[in-house]
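A quick write-up on the structure given underneath.
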Amino acid sequence: LASGSKGNSVYLGTDKVKILFDCGLSGKQMKERLACIGVDAKDIDALVISHEHGDHVNGLRIFAYKMGIDVYANSETAKGIVNIFHDCPKFKIFSTGEAFALGDTVIRPFSISHDSAEPVAFTVEVENKKIAICTDLGFVSSYVRSQLHNCHLIYLEANHDPQMLMESARPQTYKQRVLGRGGHLSNEAAGNLLKEVYSPSLECVYLAHLSEECNTEDLALSTVRNILGERADSIDLRVAKQKVVSKSWDLRSLVRQ
């Protein structure tokens, strides 16, 4: 639904459940984006939150507090949400590293490096398919690599081009943060990760959380394609959009084993 520093949210709908992974736009914008894909906001069953930064939780004002939709988060992220909004929504607390079921999905939150309380990324298993939603990580650990093996679809951060970042007008402290272990993945880091975890089952990749000032869609795509080489030919490589809903993917079309 949205990807970038102005708000992040991924919608996953199955026959039994409708889930938002993060809810970072305003409530009004979230409702409008959902309407674009034919989903009524009141039909959302769960909000699954990766971390408490505003571009991932701003929509909770409406979706969690006014509409009363359950918020799935780990304990430290839940504390961060309460500190931001000074109120407690309907929490369902998960443990990082332990899988939990939502409808016909099995969600596994796993630890990543980012400058928040207890940040996580997710893998989701549904209809014998494996999806990864992995953004806002400063570096790629061996643990992250292990979680992304044998995916059919990966939604992965490709935030910046380091040269564009260093040449930008951003403050030096910001540059150091983005480049640090608690920051964001570069295009090259995203490409190298995809090369390492590639398997014949991988059919679709969304490059996500692109910086509007320190990256471009064409640069992100070309950098990743160059690193993947011939493997890129077998992958539907896309960029997740900030200002409009990205083209959706039908899980049932993921057929390669």
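Simple scheme: letters A, B, ... for chains in structure tokens order, numbers from 1 for residues in each chain, numbers from 1 for ligands in the order shown.
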Backbone-only DSSP, alpha helix (DSSP H) members of stretch 53-129 of chain A, as a list in words: Gly54, Asp55, His56, Val57, Leu60, Ser75, Glu76, Thr77, Ala78, Lys79, Gly80, Ile81, Val82, Asn83, Ile84 and Phe85 of chain A
Only all heavy atoms, please: the residues just picked out, written as a CSV table (one decimal), in the first residue's frame.
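Written out: again.csv:
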```csv
chain,number,residue,atom,x,y,z
A,54,GLY,N,7.4,6.1,13.5
A,54,GLY,CA,6.1,6.7,13.0
A,54,GLY,C,5.7,6.3,11.6
A,54,GLY,O,4.5,6.2,11.4
A,55,ASP,N,6.7,6.1,10.7
A,55,ASP,CA,6.3,5.7,9.4
A,55,ASP,C,5.8,4.3,9.3
A,55,ASP,O,5.5,3.8,8.2
A,55,ASP,CB,7.5,6.0,8.4
A,55,ASP,CG,8.8,5.2,8.8
A,55,ASP,OD1,9.0,5.0,10.0
A,55,ASP,OD2,9.5,4.9,7.9
A,56,HIS,N,5.7,3.6,10.4
A,56,HIS,CA,5.2,2.3,10.5
A,56,HIS,C,3.9,2.2,11.4
A,56,HIS,O,3.2,1.2,11.3
A,56,HIS,CB,6.2,1.3,10.9
A,56,HIS,CG,7.4,1.1,10.0
A,56,HIS,ND1,7.5,0.1,9.1
A,56,HIS,CD2,8.4,1.9,9.7
A,56,HIS,CE1,8.5,0.2,8.4
A,56,HIS,NE2,9.1,1.3,8.7
A,57,VAL,N,3.6,3.2,12.1
A,57,VAL,CA,2.5,3.1,13.1
A,57,VAL,C,1.6,4.3,13.1
A,57,VAL,O,0.6,4.3,13.8
A,57,VAL,CB,3.0,2.9,14.5
A,57,VAL,CG1,3.9,1.7,14.7
A,57,VAL,CG2,3.8,4.2,15.1
A,60,LEU,N,-2.2,3.9,13.3
A,60,LEU,CA,-2.8,3.2,14.5
A,60,LEU,C,-3.8,4.1,15.2
A,60,LEU,O,-4.7,3.7,15.9
A,60,LEU,CB,-1.8,2.8,15.5
A,60,LEU,CG,-0.8,1.7,15.0
A,60,LEU,CD1,0.1,1.2,16.2
A,60,LEU,CD2,-1.5,0.5,14.3
A,75,SER,N,6.9,-7.3,22.8
A,75,SER,CA,6.7,-6.5,24.0
A,75,SER,C,7.3,-5.1,24.0
A,75,SER,O,6.7,-4.1,24.4
A,75,SER,CB,7.1,-7.3,25.2
A,75,SER,OG,8.5,-7.6,25.1
A,76,GLU,N,8.5,-5.1,23.5
A,76,GLU,CA,9.2,-3.8,23.5
A,76,GLU,C,8.6,-2.8,22.4
A,76,GLU,O,8.5,-1.6,22.7
A,76,GLU,CB,10.7,-4.0,23.2
A,76,GLU,CG,11.5,-4.7,24.3
A,76,GLU,CD,11.3,-4.0,25.6
A,76,GLU,OE1,11.6,-2.7,25.6
A,76,GLU,OE2,11.0,-4.6,26.6
A,77,THR,N,8.2,-3.3,21.3
A,77,THR,CA,7.5,-2.5,20.3
A,77,THR,C,6.2,-2.0,20.9
A,77,THR,O,5.8,-0.9,20.7
A,77,THR,CB,7.3,-3.3,19.0
A,77,THR,OG1,8.5,-3.6,18.4
A,77,THR,CG2,6.5,-2.4,18.0
A,78,ALA,N,5.5,-2.9,21.6
A,78,ALA,CA,4.2,-2.5,22.3
A,78,ALA,C,4.4,-1.4,23.2
A,78,ALA,O,3.6,-0.4,23.3
A,78,ALA,CB,3.6,-3.7,23.0
A,79,LYS,N,5.5,-1.5,24.0
A,79,LYS,CA,5.8,-0.4,25.0
A,79,LYS,C,6.1,0.9,24.2
A,79,LYS,O,5.6,2.0,24.6
A,79,LYS,CB,7.0,-0.7,25.8
A,79,LYS,CG,6.8,-1.9,26.8
A,79,LYS,CD,8.1,-2.2,27.5
A,79,LYS,CE,7.9,-3.4,28.4
A,79,LYS,NZ,9.2,-3.8,29.1
A,80,GLY,N,6.8,0.8,23.1
A,80,GLY,CA,7.0,2.0,22.3
A,80,GLY,C,5.8,2.6,21.8
A,80,GLY,O,5.6,3.9,21.7
A,81,ILE,N,4.8,1.8,21.3
A,81,ILE,CA,3.6,2.3,20.8
A,81,ILE,C,2.8,3.0,21.9
A,81,ILE,O,2.2,4.1,21.7
A,81,ILE,CB,2.8,1.1,20.2
A,81,ILE,CG1,3.4,0.7,18.9
A,81,ILE,CG2,1.3,1.6,19.9
A,81,ILE,CD1,2.8,-0.6,18.3
A,82,VAL,N,2.7,2.5,23.1
A,82,VAL,CA,2.0,3.1,24.2
A,82,VAL,C,2.7,4.4,24.5
A,82,VAL,O,2.0,5.4,24.8
A,82,VAL,CB,2.0,2.1,25.4
A,82,VAL,CG1,1.4,2.9,26.6
A,82,VAL,CG2,1.2,0.9,25.1
A,83,ASN,N,4.0,4.5,24.5
A,83,ASN,CA,4.7,5.7,24.8
A,83,ASN,C,4.4,6.8,23.8
A,83,ASN,O,4.4,8.0,24.1
A,83,ASN,CB,6.2,5.5,24.9
A,83,ASN,CG,6.6,4.7,26.1
A,83,ASN,OD1,5.9,4.7,27.1
A,83,ASN,ND2,7.8,4.0,26.1
A,84,ILE,N,4.2,6.4,22.5
A,84,ILE,CA,3.9,7.4,21.5
A,84,ILE,C,2.5,7.9,21.6
A,84,ILE,O,2.3,9.1,21.6
A,84,ILE,CB,4.1,6.8,20.1
A,84,ILE,CG1,5.6,6.5,19.8
A,84,ILE,CG2,3.6,7.7,19.0
A,84,ILE,CD1,5.9,5.6,18.6
A,85,PHE,N,1.5,7.0,21.8
A,85,PHE,CA,0.1,7.4,21.8
A,85,PHE,C,-0.5,7.6,23.1
A,85,PHE,O,-1.6,8.1,23.2
A,85,PHE,CB,-0.7,6.3,21.0
A,85,PHE,CG,-0.3,6.2,19.6
A,85,PHE,CD1,0.5,5.2,19.1
A,85,PHE,CD2,-0.8,7.1,18.6
A,85,PHE,CE1,0.9,5.0,17.8
A,85,PHE,CE2,-0.4,7.0,17.3
A,85,PHE,CZ,0.4,6.0,16.9
```
Determine, counting only C-alpha atoms, which protein, DNA and RNA residues have an atom within 10 Å of an atom of stretch 138-148 of chain A; residues of the same chain fewer than 4 positions away are not included. Present the result as a PyMOL selection string. chain A and resi 108-115+121-123+130-134+152-154+157+177-186+189-190+192-194+196-198
Find the residue from A:Val48, A:Leu251, A:Leu210, A:Ala101 that sits nearest to A:Lys6; use only C-alpha atoms when measuring. A:Leu210
With only C-alpha atoms as the atoms that count, which of A:Met166, A:Ile37, A:Leu219, A:Ala232 lies nearest to A:Leu12? A:Ile37
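For the choices A:Leu165, A:Ala240, A:Ala73, A:Ala2, the atom-to-atom distance to A:His51 is smallest for A:Ala73 when using only C-alpha atoms.
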Can you tell me which residues surround A:Cys214 at a distance of at most 7 Å, considering only C-alpha atoms, apart from same-chain residues fewer than 3 positions away, and format the answer as a ChimeraX atom specification? /A:160-161,164-165,168,211
With N, CA and C atoms retained, write the just-selected residues as a PDB file, in the first residue's frame.
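The new file selection24.pdb reads:
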```
ATOM      1  N   HIS A 160      18.959   3.082  -0.447  1.00  0.00           N
ATOM      2  CA  HIS A 160      19.756   4.195  -0.942  1.00  0.00           C
ATOM      3  C   HIS A 160      20.933   3.740  -1.793  1.00  0.00           C
ATOM      4  N   ASP A 161      21.443   4.691  -2.545  1.00  0.00           N
ATOM      5  CA  ASP A 161      22.731   4.556  -3.202  1.00  0.00           C
ATOM      6  C   ASP A 161      23.737   5.318  -2.350  1.00  0.00           C
ATOM      7  N   MET A 164      24.951   8.730  -3.703  1.00  0.00           N
ATOM      8  CA  MET A 164      23.905   9.746  -3.668  1.00  0.00           C
ATOM      9  C   MET A 164      23.655  10.220  -2.243  1.00  0.00           C
ATOM     10  N   LEU A 165      23.716   9.299  -1.301  1.00  0.00           N
ATOM     11  CA  LEU A 165      23.524   9.663   0.105  1.00  0.00           C
ATOM     12  C   LEU A 165      24.604  10.632   0.561  1.00  0.00           C
ATOM     13  N   SER A 168      24.254  14.086  -0.877  1.00  0.00           N
ATOM     14  CA  SER A 168      23.001  14.777  -0.574  1.00  0.00           C
ATOM     15  C   SER A 168      23.216  15.876   0.452  1.00  0.00           C
ATOM     16  N   SER A 211      14.659   5.614  -0.770  1.00  0.00           N
ATOM     17  CA  SER A 211      14.785   7.020  -0.404  1.00  0.00           C
ATOM     18  C   SER A 211      14.424   7.884  -1.609  1.00  0.00           C
TER      19      SER A 211
END
```
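Minimum atom-to-atom distance to A:Pro200, evaluated using only C-alpha atoms, belongs to A:Asn150 out of A:Asn150, A:Glu98, A:Glu213, A:Thr14.
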Taking into account only C-alpha atoms, which residue in the set A:Cys151, A:Ala208, A:Cys36, A:Leu237 is nearest to A:Asn8? A:Ala208
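Residue nearest A:Lys66, chosen from A:Cys204, A:Ile107, A:Ala41, A:Ile19 and counting only C-alpha atoms: A:Ala41.
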